[in-house]
Every structure is written in structure tokens, then in C-alpha cells.
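Peer 1: So here's start-v7.cif (mmCIF, C-alpha atoms).
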data_data
loop_
_atom_site.label_atom_id
_atom_site.label_comp_id
_atom_site.auth_asym_id
_atom_site.auth_seq_id
_atom_site.Cartn_x
_atom_site.Cartn_y
_atom_site.Cartn_z
CA MET A 1 65.20 180.74 82.54
CA PRO A 2 67.96 178.23 81.69
CA THR A 3 68.10 176.93 78.14
CA TYR A 4 69.13 173.37 77.35
CA ARG A 5 69.81 171.35 74.22
CA ILE A 6 67.60 168.34 73.54
CA LEU A 7 69.64 165.21 72.90
CA PRO A 8 67.74 162.15 71.62
CA THR A 9 67.67 159.50 74.33
CA ALA A 10 68.64 156.72 71.94
CA ALA A 11 71.68 158.66 70.71
CA HIS A 12 72.76 159.35 74.31
CA ASN A 13 72.40 155.71 75.30
CA ASP A 14 74.24 154.50 72.21
CA LEU A 15 77.12 156.81 73.12
CA VAL A 16 77.24 155.54 76.71
CA ARG A 17 77.13 151.89 75.62
CA LYS A 18 79.87 152.47 73.06
CA ALA A 19 82.04 154.33 75.57
CA TYR A 20 81.84 151.52 78.11
CA THR A 21 82.39 148.70 75.64
CA HIS A 22 85.28 150.71 74.18
CA ARG A 23 86.84 150.60 77.65
CA GLY A 24 86.42 146.83 77.85
CA TYR A 25 83.13 146.45 79.70
CA THR A 26 80.70 143.70 78.77
CA ALA A 27 77.52 144.40 76.82
CA ALA A 28 75.48 143.77 79.99
CA GLU A 29 77.59 146.23 82.00
CA ALA A 30 77.36 148.82 79.23
CA GLU A 31 73.57 148.40 79.24
CA ASP A 32 73.47 148.98 83.02
CA ALA A 33 75.64 152.06 82.56
CA ALA A 34 73.36 153.44 79.85
CA ARG A 35 70.26 152.71 81.96
CA PHE A 36 71.79 154.55 84.90
CA CYS A 37 73.01 157.56 82.90
CA GLU A 38 69.62 157.92 81.22
CA MET A 39 67.91 157.75 84.62
CA ALA A 40 70.19 160.45 86.03
CA SER A 41 69.65 162.75 83.05
CA VAL A 42 65.88 162.23 82.96
CA HIS A 43 65.69 163.44 86.56
CA GLY A 44 68.08 166.37 86.10
CA ILE A 45 70.96 164.92 88.13
CA ARG A 46 73.66 166.90 86.38
CA THR A 47 76.33 165.98 88.95
CA HIS A 48 76.11 162.24 88.22
CA ASN A 49 75.25 161.92 84.54
CA ALA A 50 77.25 160.19 81.79
CA ILE A 51 79.95 162.85 81.93
CA LYS A 52 80.60 162.20 85.63
CA ALA A 53 80.28 158.43 85.28
CA LEU A 54 82.88 158.16 82.54
CA HIS A 55 85.14 160.77 84.14
CA LEU A 56 85.12 158.76 87.37
CA ASP A 57 85.84 155.58 85.45
CA HIS A 58 88.78 157.26 83.71
CA LEU A 59 90.30 158.63 86.90
CA PHE A 60 89.72 155.75 89.29
CA GLY A 61 88.18 152.87 87.36
CA SER A 62 89.07 150.78 84.33
CA ALA A 63 92.00 152.98 83.30
CA VAL A 64 93.87 152.39 86.57
CA GLY A 65 92.56 149.04 87.80
CA GLY A 66 90.08 150.43 90.31
CA CYS A 67 87.23 148.82 88.38
CA LYS A 68 87.52 145.58 86.41
CA PRO A 69 85.33 145.14 83.33
CA GLY A 70 83.64 141.77 83.30
CA ALA A 71 84.24 141.07 87.00
CA GLU A 72 81.84 138.66 88.69
CA ILE A 73 80.18 139.19 92.08
CA LYS A 74 81.07 136.62 94.74
CA VAL A 75 78.42 135.91 97.38
CA ILE A 76 79.95 135.38 100.82
CA ASP A 77 78.20 132.67 102.80
CA LYS A 78 76.21 133.95 105.79
CA PRO A 79 73.62 132.23 108.05
CA PHE A 80 71.07 135.08 107.88
CA ALA A 81 68.10 134.47 105.60
CA ALA A 82 67.23 138.12 104.85
CA SER A 83 70.84 139.27 104.44
CA GLN A 84 73.50 138.82 101.83
CA VAL A 85 77.14 139.94 101.76
CA TRP A 86 78.92 140.32 98.45
CA ASP A 87 82.49 140.69 97.28
CA ALA A 88 82.03 142.86 94.19
CA GLN A 89 85.58 142.10 93.03
CA LEU A 90 85.72 145.62 91.51
CA LYS A 91 82.75 145.11 89.22
CA LEU A 92 81.11 148.20 87.68
CA GLY A 93 79.28 149.94 90.53
CA GLN A 94 76.06 150.60 88.60
CA SER A 95 75.69 146.91 87.74
CA VAL A 96 76.33 145.91 91.34
CA ALA A 97 73.82 148.44 92.68
CA PHE A 98 71.01 147.46 90.30
CA GLU A 99 71.48 143.78 91.17
CA ALA A 100 71.77 144.47 94.90
CA MET A 101 68.55 146.47 95.00
CA GLU A 102 66.71 143.78 93.02
CA THR A 103 67.99 141.18 95.49
CA CYS A 104 66.84 143.29 98.43
CA MET A 105 63.34 143.59 96.93
CA LYS A 106 63.12 139.80 96.49
CA LEU A 107 64.27 139.27 100.08
CA ALA A 108 61.73 141.84 101.31
CA ASP A 109 58.96 140.02 99.44
CA GLN A 110 59.86 136.86 101.35
CA TYR A 111 60.98 138.15 104.75
CA GLY A 112 59.53 141.68 104.97
CA ILE A 113 63.02 143.15 104.89
CA GLY A 114 66.16 142.51 102.89
CA GLN A 115 69.69 143.83 103.02
CA VAL A 116 72.84 143.47 100.97
CA SER A 117 76.26 144.76 101.98
CA VAL A 118 79.03 144.95 99.41
CA ASP A 119 82.80 145.02 99.84
CA ASN A 120 85.51 145.71 97.24
CA ALA A 121 83.18 148.00 95.30
CA PHE A 122 83.61 150.76 92.75
CA HIS A 123 81.43 153.85 93.17
CA TYR A 124 77.80 153.49 92.01
CA LEU A 125 77.31 157.28 91.52
CA TRP A 126 73.74 158.55 92.25
CA GLY A 127 72.23 156.49 95.07
CA GLY A 128 68.92 158.29 94.72
CA GLY A 129 68.25 156.58 91.41
CA TYR A 130 68.34 153.09 92.90
CA VAL A 131 66.04 153.90 95.82
CA MET A 132 63.70 155.85 93.53
CA ASP A 133 63.37 152.82 91.28
CA ALA A 134 62.49 150.60 94.26
CA ALA A 135 60.08 153.18 95.69
CA LYS A 136 58.23 153.36 92.36
CA LYS A 137 57.74 149.59 92.71
CA GLY A 138 56.18 150.06 96.15
CA TYR A 139 59.07 149.53 98.55
CA ILE A 140 60.85 151.55 101.24
CA ALA A 141 64.49 151.62 100.16
CA TYR A 142 67.80 152.88 101.53
CA THR A 143 71.42 152.85 100.44
CA ASN A 144 74.70 154.42 101.44
CA CYS A 145 78.28 154.10 100.27
CA THR A 146 81.76 155.18 101.17
CA SER A 147 82.70 157.43 98.27
CA THR A 148 85.82 157.05 96.20
CA LEU A 149 88.09 159.58 97.91
CA GLY A 150 88.62 161.12 101.32
CA GLU A 151 88.05 164.75 100.33
CA VAL A 152 85.91 166.17 103.14
CA VAL A 153 87.36 167.93 106.19
CA PRO A 154 85.65 166.78 109.43
CA PHE A 155 83.93 169.29 111.70
CA GLY A 156 86.60 171.03 113.78
CA GLY A 157 89.45 169.58 111.72
CA LYS A 158 91.64 170.69 108.84
CA PHE A 159 92.68 167.52 106.94
CA PRO A 160 90.35 165.73 104.46
CA VAL A 161 89.68 162.27 105.87
CA LEU A 162 86.03 161.62 104.99
CA GLY A 163 84.25 160.75 101.79
CA THR A 164 81.28 162.74 100.57
CA ASN A 165 79.44 159.59 101.73
CA PRO A 166 75.84 159.94 100.50
CA HIS A 167 72.67 158.67 102.17
CA SER A 168 69.68 157.88 99.95
CA TRP A 169 66.10 157.02 100.98
CA GLY A 170 63.15 156.26 98.73
CA LEU A 171 59.55 156.12 99.98
CA PRO A 172 56.55 154.65 98.08
CA THR A 173 54.41 157.78 97.96
CA THR A 174 53.40 157.95 94.30
CA ASP A 175 49.73 157.33 95.14
CA ALA A 176 49.86 160.00 97.86
CA CYS A 177 51.63 162.86 96.07
CA GLY A 178 52.33 161.78 92.48
CA PHE A 179 55.97 160.76 92.88
CA PRO A 180 58.19 158.84 95.30
CA ILE A 181 59.71 160.92 98.08
CA VAL A 182 63.47 160.64 97.60
CA ILE A 183 65.78 161.99 100.27
CA ASP A 184 69.25 161.85 98.77
CA TRP A 185 72.29 163.87 99.73
CA ALA A 186 76.02 163.82 100.12
CA THR A 187 77.14 164.51 103.66
CA SER A 188 79.31 167.32 102.34
CA THR A 189 77.63 170.68 101.66
CA VAL A 190 77.93 169.88 97.95
CA ALA A 191 79.19 166.85 96.06
CA MET A 192 82.47 167.12 94.17
CA GLY A 193 80.43 166.53 91.01
CA ARG A 194 78.66 169.81 91.78
CA VAL A 195 82.02 171.57 92.01
CA GLN A 196 82.96 170.13 88.62
CA GLN A 197 79.64 171.22 87.15
CA LEU A 198 80.10 174.78 88.42
CA ARG A 199 83.64 174.85 87.04
CA ARG A 200 82.24 174.02 83.60
CA GLU A 201 79.65 176.76 83.94
CA ASN A 202 81.92 179.31 85.70
CA LYS A 203 79.44 179.75 88.54
CA PRO A 204 80.28 180.24 92.24
CA LEU A 205 79.89 177.66 94.99
CA PRO A 206 77.50 178.31 97.87
CA PRO A 207 79.11 179.69 101.05
CA GLY A 208 80.55 177.14 103.44
CA ALA A 209 80.94 174.45 100.83
CA ALA A 210 84.68 174.22 100.24
CA VAL A 211 88.17 175.30 101.15
CA ASP A 212 91.22 175.91 98.96
CA ALA A 213 94.52 174.04 99.15
CA GLU A 214 95.57 176.13 102.17
CA GLY A 215 92.33 175.43 104.01
CA ASN A 216 90.80 178.86 103.43
CA PRO A 217 87.05 179.08 102.69
CA THR A 218 86.31 179.76 99.02
CA ASP A 219 83.30 179.99 96.73
CA ASP A 220 85.49 179.79 93.60
CA PRO A 221 85.02 176.31 92.09
CA HIS A 222 88.37 176.64 90.31
CA LYS A 223 90.14 177.11 93.66
CA ALA A 224 88.08 174.61 95.68
CA GLN A 225 90.29 171.75 96.82
CA TRP A 226 88.46 170.12 99.74
CA LEU A 227 84.84 170.02 100.82
CA LEU A 228 83.12 170.76 104.12
CA PRO A 229 80.35 168.74 105.81
CA PHE A 230 76.85 170.20 105.68
CA GLY A 231 75.37 171.39 108.95
CA ALA A 232 78.73 171.39 110.75
CA HIS A 233 78.69 168.54 113.32
CA LYS A 234 75.45 167.07 111.92
CA GLY A 235 76.77 166.31 108.45
CA TYR A 236 80.02 165.17 110.00
CA GLY A 237 78.15 162.67 112.18
CA LEU A 238 76.21 161.25 109.22
CA SER A 239 79.41 160.92 107.21
CA LEU A 240 81.19 159.25 110.11
CA LEU A 241 78.30 156.79 110.40
CA ILE A 242 78.94 155.61 106.84
CA GLU A 243 82.70 155.37 107.39
CA VAL A 244 82.14 153.13 110.42
CA MET A 245 79.51 151.04 108.59
CA GLY A 246 82.00 150.68 105.75
CA ALA A 247 84.63 149.56 108.24
CA LEU A 248 82.23 146.94 109.63
CA ILE A 249 81.60 145.66 106.09
CA GLY A 250 85.31 145.46 105.25
CA GLY A 251 86.39 148.88 104.00
CA SER A 252 89.77 150.22 105.05
CA LEU A 253 91.30 153.67 105.64
CA PRO A 254 89.42 156.58 104.02
CA THR A 255 92.61 158.56 103.43
CA ILE A 256 93.93 155.93 101.02
CA ARG A 257 90.60 154.94 99.44
CA GLY A 258 90.61 155.27 95.66
CA GLY A 259 94.35 155.90 95.70
CA GLY A 260 94.12 158.83 98.12
CA GLY A 261 92.84 162.34 97.53
CA HIS A 262 95.42 164.31 99.50
CA PRO A 263 98.98 164.71 98.16
CA ASP A 264 100.29 162.97 101.30
CA PHE A 265 98.67 159.76 100.04
CA LYS A 266 97.90 160.22 96.35
CA ASP A 267 99.88 158.00 93.97
CA LYS A 268 101.86 156.49 96.85
CA PRO A 269 102.51 152.71 96.82
CA LEU A 270 99.88 150.71 98.65
CA GLU A 271 101.14 148.97 101.74
CA ALA A 272 101.06 145.18 101.47
CA GLY A 273 97.70 143.80 102.56
CA GLU A 274 95.92 147.18 102.42
CA LYS A 275 92.90 147.98 100.23
CA ARG A 276 91.51 151.06 98.49
CA THR A 277 87.97 149.97 97.66
CA SER A 278 84.59 151.39 98.63
CA SER A 279 81.75 149.66 100.48
CA PHE A 280 78.00 149.71 99.76
CA TYR A 281 74.96 149.05 101.90
CA PHE A 282 71.42 148.44 100.60
CA GLN A 283 68.18 147.83 102.48
CA VAL A 284 64.59 147.36 101.33
CA ILE A 285 61.50 147.12 103.55
CA HIS A 286 58.12 145.87 102.38
CA PRO A 287 55.54 148.41 103.64
CA ASP A 288 53.22 145.61 104.79
CA ALA A 289 55.97 144.39 107.12
CA ILE A 290 55.87 147.55 109.24
CA GLY A 291 52.16 148.45 109.03
CA SER A 292 50.22 148.04 112.27
CA GLY A 293 46.84 148.28 110.58
CA LEU A 294 45.72 150.58 113.39
CA PHE A 295 45.19 153.61 111.18
CA ALA A 296 42.92 156.42 112.34
CA LYS A 297 39.39 156.79 110.98
CA GLY A 298 39.56 153.41 109.26
CA ARG A 299 42.12 154.57 106.70
CA ASN A 300 44.30 151.99 104.99
CA GLN A 301 48.07 152.41 104.81
CA SER A 302 48.08 154.30 101.50
CA GLN A 303 45.29 156.61 102.62
CA ASN A 304 47.10 157.23 105.88
CA VAL A 305 50.31 158.28 104.12
CA LYS A 306 48.33 160.67 101.94
CA ALA A 307 46.58 162.16 104.98
CA VAL A 308 49.90 162.70 106.78
CA LEU A 309 51.44 164.44 103.75
CA GLN A 310 48.36 166.62 103.34
CA ASP A 311 48.62 167.64 106.98
CA ILE A 312 52.31 168.51 106.57
CA LEU A 313 51.61 170.55 103.43
CA GLY A 314 48.56 172.27 104.87
CA HIS A 315 48.21 175.12 107.33
CA GLY A 316 49.95 177.61 105.04
CA ASN A 317 52.71 175.20 104.03
CA GLU A 318 51.22 174.52 100.61
CA LYS A 319 54.24 175.95 98.79
CA CYS A 320 56.70 173.72 100.63
CA MET A 321 58.55 171.26 98.42
CA LEU A 322 58.72 167.54 99.13
CA PRO A 323 62.06 165.78 98.59
CA GLY A 324 61.92 164.12 95.20
CA GLN A 325 59.74 166.83 93.71
CA PRO A 326 62.60 168.52 91.79
CA GLU A 327 63.49 165.17 90.24
CA ALA A 328 59.84 164.56 89.34
CA ASP A 329 59.60 168.05 87.82
CA ASN A 330 62.76 167.45 85.80
CA ALA A 331 61.35 164.15 84.55
CA SER A 332 58.24 166.03 83.41
CA HIS A 333 60.40 168.51 81.49
CA THR A 334 62.33 165.62 79.92
CA ALA A 335 59.10 163.99 78.80
CA LYS A 336 57.80 167.29 77.40
CA ALA A 337 61.06 167.94 75.54
CA GLY A 338 61.06 164.45 74.07
CA GLY A 339 64.74 163.92 74.83
CA LEU A 340 67.45 164.40 77.45
CA LEU A 341 68.41 167.94 78.44
CA PHE A 342 72.03 169.13 78.48
CA THR A 343 73.76 172.50 78.57
CA ASP A 344 76.02 173.48 75.67
CA ALA A 345 79.04 172.80 77.90
CA GLU A 346 77.71 169.34 78.71
CA VAL A 347 77.16 168.51 75.03
CA GLU A 348 80.76 169.49 74.36
CA ALA A 349 81.85 167.19 77.19
CA LEU A 350 79.81 164.38 75.62
CA ASN A 351 81.55 165.14 72.32
CA GLU A 352 84.88 164.45 74.00
CA ILE A 353 83.53 161.02 74.93
CA ALA A 354 82.32 160.50 71.36
CA GLU A 355 85.77 161.37 70.04
CA GLU A 356 87.35 158.87 72.43
CA CYS A 357 85.29 155.98 71.11
CA GLY A 358 85.16 156.97 67.45
CA LEU A 359 81.59 158.19 67.17
CA PRO A 360 80.48 161.33 65.33
CA LYS A 361 80.19 164.43 67.46
CA PHE A 362 76.89 166.15 68.13
CA ASP A 363 76.39 169.47 66.34
CA VAL A 364 75.50 171.64 69.34
CA ALA A 365 73.96 174.42 67.28
CA ALA A 366 71.78 171.96 65.36
CA LEU A 367 70.24 170.42 68.48
CA PRO A 368 66.82 171.84 69.37
CA SER A 369 66.64 173.97 72.50
CA TYR A 370 64.32 173.83 75.48
CA GLU A 371 63.70 176.44 78.16
CA VAL A 372 62.95 175.36 81.73
#
Just give me the structure of the file as C-alpha cells.
Peer 2:
Amino acid sequence: MPTYRILPTAAHNDLVRKAYTHRGYTAAEAEDAARFCEMASVHGIRTHNAIKALHLDHLFGSAVGGCKPGAEIKVIDKPFAASQVWDAQLKLGQSVAFEAMETCMKLADQYGIGQVSVDNAFHYLWGGGYVMDAAKKGYIAYTNCTSTLGEVVPFGGKFPVLGTNPHSWGLPTTDACGFPIVIDWATSTVAMGRVQQLRRENKPLPPGAAVDAEGNPTDDPHKAQWLLPFGAHKGYGLSLLIEVMGALIGGSLPTIRGGGGHPDFKDKPLEAGEKRTSSFYFQVIHPDAIGSGLFAKGRNQSQNVKAVLQDILGHGNEKCMLPGQPEADNASHTAKAGGLLFTDAEVEALNEIAEECGLPKFDVAALPSYEV
């Protein structure tokens, strides 16, 4: 069983806040960043925790102008009551996403459905966290985004032109099964954050996940250069969907997004009038807005959802796992441990962040351990 170190939540959040304010972000943005990083760690999302968030900000964000601390969202006028379109103006992605999902929920309360599309955005990291939060409040929620770089080779191709482009759904099923169903995945076989995690831990990639610089399949995370779509043409189609949605919102060429991932584009001057930013899409549906009321045997909507899930998990399928269950299990471990769980390698990575912003380092050996 894996062993983790228990890091006090308050100490973790203080570090995240300090790191973001050290880089010029406002106190409100730093609070959003800490809220997000805590949420990711509570649910065991090791690929999108504070380490990933601050690494992404260093590579593509505040250090290079891809994200602007203190930026203000501009609402673009549209004649559609249940829809909003925003120019994020390179504001911190986590702050934009939290506000967008809250706006969608308010619109759904009024109109049954609400959507917000966002242009000129900086990556919001783990989409599952935002839809999970909405689902816990009783809504059906969805988000997708064009990810920072084009680093995925399309089905049948050889050149990375797609983002990892995640889809995230959250369903209000807590009453039915004890947690919200959260269907959240990158359209690549693994996210690049997973590759980085496995590099830290010197563990192999799953087969069919990546290719090296020459385009040869590899399971060595140290040699992995580009990613492959999951499910061949199926993952490719879902990734393409997000690229086209991003284009409809206002996003430009995936090969140059974020400054370009491939050497043919990376660090090359941006052509006049071009743009490198990501696009977001958020949608929330109020369950009452789609309910027919014609449920079998006089069940109400909540009872009907529970009955459907029981049918799916019956008939010998009792050991099947529902999407969102691993996150719920990880949250239970976090609660039992009384703090956030990190590997030794992750604590050392957090210590690098502490050193950057002048905070004392964590003594890895002195932190209590927890076995999962």
C-alpha cells in the first residue's frame, strides 16, 4: 500500500497563497488558487495539485505574460438571457472558472440552464473540481477547455496539433450513491501532468499513452515527448470537438497556443494579430428544468436516479466503480488523515516553492505518515 506524508491543510494553503502573492497575484486570486489546490489534493488529484498549478504558472503564466495578475474579466454584450461571453483578459484561470460556474448556477436558477464561454483565458487546471462543486449543490454541470499546448498527435497523424482538451461532467447524485458522479478526463490517454508525476516517481507510463521525439511509442516518462488520444479515433473526435468549440468562441491555432509545444513553433515570434490564449466553456442545468415528472412507480426524480443506479450496479455488477468514486474515497482518506496527503517527492517539490517565496521548508521526515 502507498504511504503518504500528512501535510496540515492550513500550512499547505498558506504556502499556496504566499506563492501566488509573491508572483504578483491579488489576495483574492491567491485565495482562489489555495481553494482550488486544496480541493485537488483532498480528492487525490495528484496531476493538478499546487505543484502543477505553480509549475504551469511559471512556464506559461505570470513569468512570461501568459497570465496577468490582477486582470479583470470583461463581459461581452450578448442578447441571450441565459448566456454570457467573457473576455478573461488573461486573468488567473482558477478565479475565472469559479466565477463562471457560480454565474452559470445563478442563470440556471432563473432560466433552467446557464452557459458562459470565455476567451483569452489561462488554463484552469482540473475541470472536475468545478463541476463536482456544482453537482454537490444540486446541479448538472459541464465544462471543457482548450489546454495550454498542442501536444497530442491526432489519430492517424504524426505531428502534435491538439491539446489534451479535457471534458468534465458533474451529476447531482449524492443522495443516490453518497457522492456526485464526476466524469472527467483528458482526451489524451493520460494528461501531461500524469507524465510529470510518473517522472517524479520513476514509474512507467501505460501502453499507448505517448511517443518520443521521433514519434516512436514509449512507456518511459523521461522519454515521452508527445501524447496520444485515448481510444484512437474516439478520443481524437472528442478532442477535435473542443478545438472547434474553442475556435467558435475565439481561440486561434492550437499549434501556437501557449507559445507552441513543438520546436517548429516554440519561442517563435507571434505573427501580428495572432493569439495564443485558451478558451473555456461552462454549462449548468437545473435538474427541475429537464425532469418530465413521468417517473415509473410514482418515484420522484431523486428516487428515480437512485433506482437507475441500483439497476446498473445490480445483476452481478456490484463491484463496478462509479465515476467520482475514487475522488470520494480519496476525500475520505484525507478526512481520516486530518490533513492533505503527499508523497515524499511531492513534499520536496512543495519545498522548492517554499524556498522561492521565502517560507520555511517542511521537514519531510517529521511529517506523520498515512497508508492508503
Peer 1: How would you write as number ranges by chain the residues that get within 10 Å of (66.0, 157.8, 85.2) in the file's frame, counting all atoms listed in the file?
Peer 2: A: 35-45, 128-130, 132-133, 327, 331
Peer 1: Between A:Gly61, A:Gly156, A:Pro79, A:Gly112, which residue has the minimum interatomic distance to Leu92 (chain A), considering only C-alpha atoms?
Peer 2: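 Using only C-alpha atoms, the shortest distance to Leu92 (chain A) belongs to A:Gly61.
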Peer 1: Figure out the distance between CA of Ala272 (chain A) and CA of Ala88 (chain A), please, to one decimal in Å.
Peer 2: 20.5 Å
Peer 1: List the residues selected by the PyMOL selection byres ((chain A and resi 350) around 10) in the file shown, writing them as a PyMOL selection string.
Peer 2: chain A and resi 12+15-16+50-51+54+342+344-349+351-356+361-362
Peer 1: Starting from the PyMOL selection byres ((chain A and resi 267) around 12), expand the selection into actual residues of this file and give them as a ChimeraX atom specification.
Peer 2: /A:59-60,64,255-266,268-271,276
Peer 1: Skip Asn216 (chain A) itself and residues of its chain fewer than 4 positions away, then list as JSON, numbers by chain all residues within 10 Å of it, counting only C-alpha atoms.
Peer 2: {"A": [158, 210, 211, 212, 223, 224, 225, 226]}
Peer 1: Applying the PyMOL selection byres ((chain A and resi 81-87) around 12) to the file I just gave you, which residues come out? Please list them as a CSV table (one decimal) with C-alpha atoms, in the coordinates of the input.
Peer 2:
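Contents of the output file out.csv:
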chain,number,residue,atom,x,y,z
A,71,ALA,CA,84.2,141.1,87.0
A,72,GLU,CA,81.8,138.7,88.7
A,73,ILE,CA,80.2,139.2,92.1
A,74,LYS,CA,81.1,136.6,94.7
A,75,VAL,CA,78.4,135.9,97.4
A,76,ILE,CA,80.0,135.4,100.8
A,77,ASP,CA,78.2,132.7,102.8
A,78,LYS,CA,76.2,134.0,105.8
A,79,PRO,CA,73.6,132.2,108.0
A,80,PHE,CA,71.1,135.1,107.9
A,88,ALA,CA,82.0,142.9,94.2
A,89,GLN,CA,85.6,142.1,93.0
A,90,LEU,CA,85.7,145.6,91.5
A,91,LYS,CA,82.8,145.1,89.2
A,93,GLY,CA,79.3,149.9,90.5
A,96,VAL,CA,76.3,145.9,91.3
A,97,ALA,CA,73.8,148.4,92.7
A,99,GLU,CA,71.5,143.8,91.2
A,100,ALA,CA,71.8,144.5,94.9
A,101,MET,CA,68.6,146.5,95.0
A,103,THR,CA,68.0,141.2,95.5
A,104,CYS,CA,66.8,143.3,98.4
A,105,MET,CA,63.3,143.6,96.9
A,106,LYS,CA,63.1,139.8,96.5
A,107,LEU,CA,64.3,139.3,100.1
A,108,ALA,CA,61.7,141.8,101.3
A,109,ASP,CA,59.0,140.0,99.4
A,110,GLN,CA,59.9,136.9,101.4
A,111,TYR,CA,61.0,138.2,104.8
A,112,GLY,CA,59.5,141.7,105.0
A,113,ILE,CA,63.0,143.2,104.9
A,114,GLY,CA,66.2,142.5,102.9
A,115,GLN,CA,69.7,143.8,103.0
A,116,VAL,CA,72.8,143.5,101.0
A,117,SER,CA,76.3,144.8,102.0
A,118,VAL,CA,79.0,145.0,99.4
A,119,ASP,CA,82.8,145.0,99.8
A,120,ASN,CA,85.5,145.7,97.2
A,121,ALA,CA,83.2,148.0,95.3
A,122,PHE,CA,83.6,150.8,92.8
A,248,LEU,CA,82.2,146.9,109.6
A,249,ILE,CA,81.6,145.7,106.1
A,250,GLY,CA,85.3,145.5,105.2
A,251,GLY,CA,86.4,148.9,104.0
A,277,THR,CA,88.0,150.0,97.7
A,278,SER,CA,84.6,151.4,98.6
A,279,SER,CA,81.8,149.7,100.5
A,280,PHE,CA,78.0,149.7,99.8
A,281,TYR,CA,75.0,149.0,101.9
A,282,PHE,CA,71.4,148.4,100.6
A,283,GLN,CA,68.2,147.8,102.5
A,284,VAL,CA,64.6,147.4,101.3
A,285,ILE,CA,61.5,147.1,103.6
Peer 1: When you draw a straight line from CA of Trp169 (chain A) to CA of Thr187 (chain A), how long is it in Å?
Peer 2: 13.6 Å
Peer 1: For Val152 (chain A), which residue out of A:Leu227, A:Ala335, A:Asp288, A:Ser95 is the nearest one, using only C-alpha atoms?
Peer 2: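 Counting only C-alpha atoms, the residue closest to Val152 (chain A) is A:Leu227.
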Peer 1: Quick one, how far is CA of Tyr139 (chain A) from CA of Pro172 (chain A)?
Peer 2: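 Taking CA of Tyr139 (chain A) and CA of Pro172 (chain A), their separation equals 5.7 Å.
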Peer 1: Write out as a PyMOL selection string which residues come within 10 Å of Pro180 (chain A) when counting all atoms listed in the file, dropping same-chain ones fewer than 4 positions away.
Peer 2: chain A and resi 131-140+169-176+322-325+327-328
Peer 1: Just want the 9 Å neighbourhood of Ala53 (chain A), counted on all atoms listed in the file, with same-chain residues fewer than 5 positions away dropped. Output as an NGL selection string.
Peer 2: :A and (33 or 37 or 48 or 58 or 124-125)
Peer 1: Save the residues we just selected, C-alpha atoms, as a tab-separated table (two decimals), keeping the file's coordinate frame?
Peer 2:
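Saved result, result.tsv, follows:
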chain	number	residue	atom	x	y	z
A	33	ALA	CA	75.64	152.06	82.56
A	37	CYS	CA	73.01	157.56	82.90
A	48	HIS	CA	76.11	162.24	88.22
A	58	HIS	CA	88.78	157.26	83.71
A	124	TYR	CA	77.80	153.49	92.01
A	125	LEU	CA	77.31	157.28	91.52
Peer 1: Name the closest residue to Thr343 (chain A) among the candidates A:Lys68, A:His22, A:His286, A:Arg200; distances are taken between atoms, counting only C-alpha atoms.
Peer 2: A:Arg200
Peer 1: Pick out the residues sitting within 9 Å of region 203-209 of chain A, and hand them over as number ranges by chain; count only C-alpha atoms, and ignore anything fewer than 4 positions along from it in its own chain.
Peer 2: A: 188-190, 194-195, 197-199, 217-221, 224, 226-230
Peer 1: Neighbouring residues of Lys52 (chain A) were defined as those with any atom within 9 Å, considering only C-alpha atoms; residues of the same chain fewer than 5 positions away were excluded. Please report them as a compact mmCIF listing (two decimals) with C-alpha atoms, in the coordinates of the input.
Peer 2:
# COMPACT_ATOMS: atom_id res chain seq x y z
CA ARG A 46 73.66 166.90 86.38
CA THR A 47 76.33 165.98 88.95
CA ASP A 57 85.84 155.58 85.45
CA LEU A 125 77.31 157.28 91.52
CA GLY A 193 80.43 166.53 91.01
CA GLN A 196 82.96 170.13 88.62
Peer 1: Could region 26-30 of chain A be completed with all heavy atoms and written as a PDB file, in the frame of the given file, please?
Peer 2:
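Just written: selection_26.pdb:
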ATOM      1  N   THR A  26      81.574 144.610  79.483  1.00  0.00           N
ATOM      2  CA  THR A  26      80.700 143.700  78.770  1.00  0.00           C
ATOM      3  C   THR A  26      79.470 144.435  78.263  1.00  0.00           C
ATOM      4  O   THR A  26      79.144 145.528  78.731  1.00  0.00           O
ATOM      5  CB  THR A  26      80.255 142.540  79.674  1.00  0.00           C
ATOM      6  OG1 THR A  26      79.401 143.062  80.713  1.00  0.00           O
ATOM      7  CG2 THR A  26      81.458 141.827  80.297  1.00  0.00           C
ATOM      8  N   ALA A  27      78.752 143.794  77.344  1.00  0.00           N
ATOM      9  CA  ALA A  27      77.520 144.400  76.820  1.00  0.00           C
ATOM     10  C   ALA A  27      76.501 144.595  77.939  1.00  0.00           C
ATOM     11  O   ALA A  27      75.795 145.609  77.967  1.00  0.00           O
ATOM     12  CB  ALA A  27      76.938 143.511  75.724  1.00  0.00           C
ATOM     13  N   ALA A  28      76.431 143.648  78.889  1.00  0.00           N
ATOM     14  CA  ALA A  28      75.480 143.770  79.990  1.00  0.00           C
ATOM     15  C   ALA A  28      75.860 144.939  80.907  1.00  0.00           C
ATOM     16  O   ALA A  28      74.988 145.696  81.362  1.00  0.00           O
ATOM     17  CB  ALA A  28      75.431 142.473  80.794  1.00  0.00           C
ATOM     18  N   GLU A  29      77.146 145.104  81.171  1.00  0.00           N
ATOM     19  CA  GLU A  29      77.590 146.230  82.000  1.00  0.00           C
ATOM     20  C   GLU A  29      77.334 147.554  81.296  1.00  0.00           C
ATOM     21  O   GLU A  29      76.898 148.534  81.926  1.00  0.00           O
ATOM     22  CB  GLU A  29      79.084 146.069  82.324  1.00  0.00           C
ATOM     23  CG  GLU A  29      79.373 144.941  83.306  1.00  0.00           C
ATOM     24  CD  GLU A  29      80.856 144.625  83.422  1.00  0.00           C
ATOM     25  OE1 GLU A  29      81.605 144.855  82.436  1.00  0.00           O
ATOM     26  OE2 GLU A  29      81.274 144.132  84.487  1.00  0.00           O
ATOM     27  N   ALA A  30      77.601 147.592  79.996  1.00  0.00           N
ATOM     28  CA  ALA A  30      77.360 148.820  79.230  1.00  0.00           C
ATOM     29  C   ALA A  30      75.872 149.171  79.228  1.00  0.00           C
ATOM     30  O   ALA A  30      75.502 150.353  79.273  1.00  0.00           O
ATOM     31  CB  ALA A  30      77.876 148.650  77.806  1.00  0.00           C
TER      32      ALA A  30
END
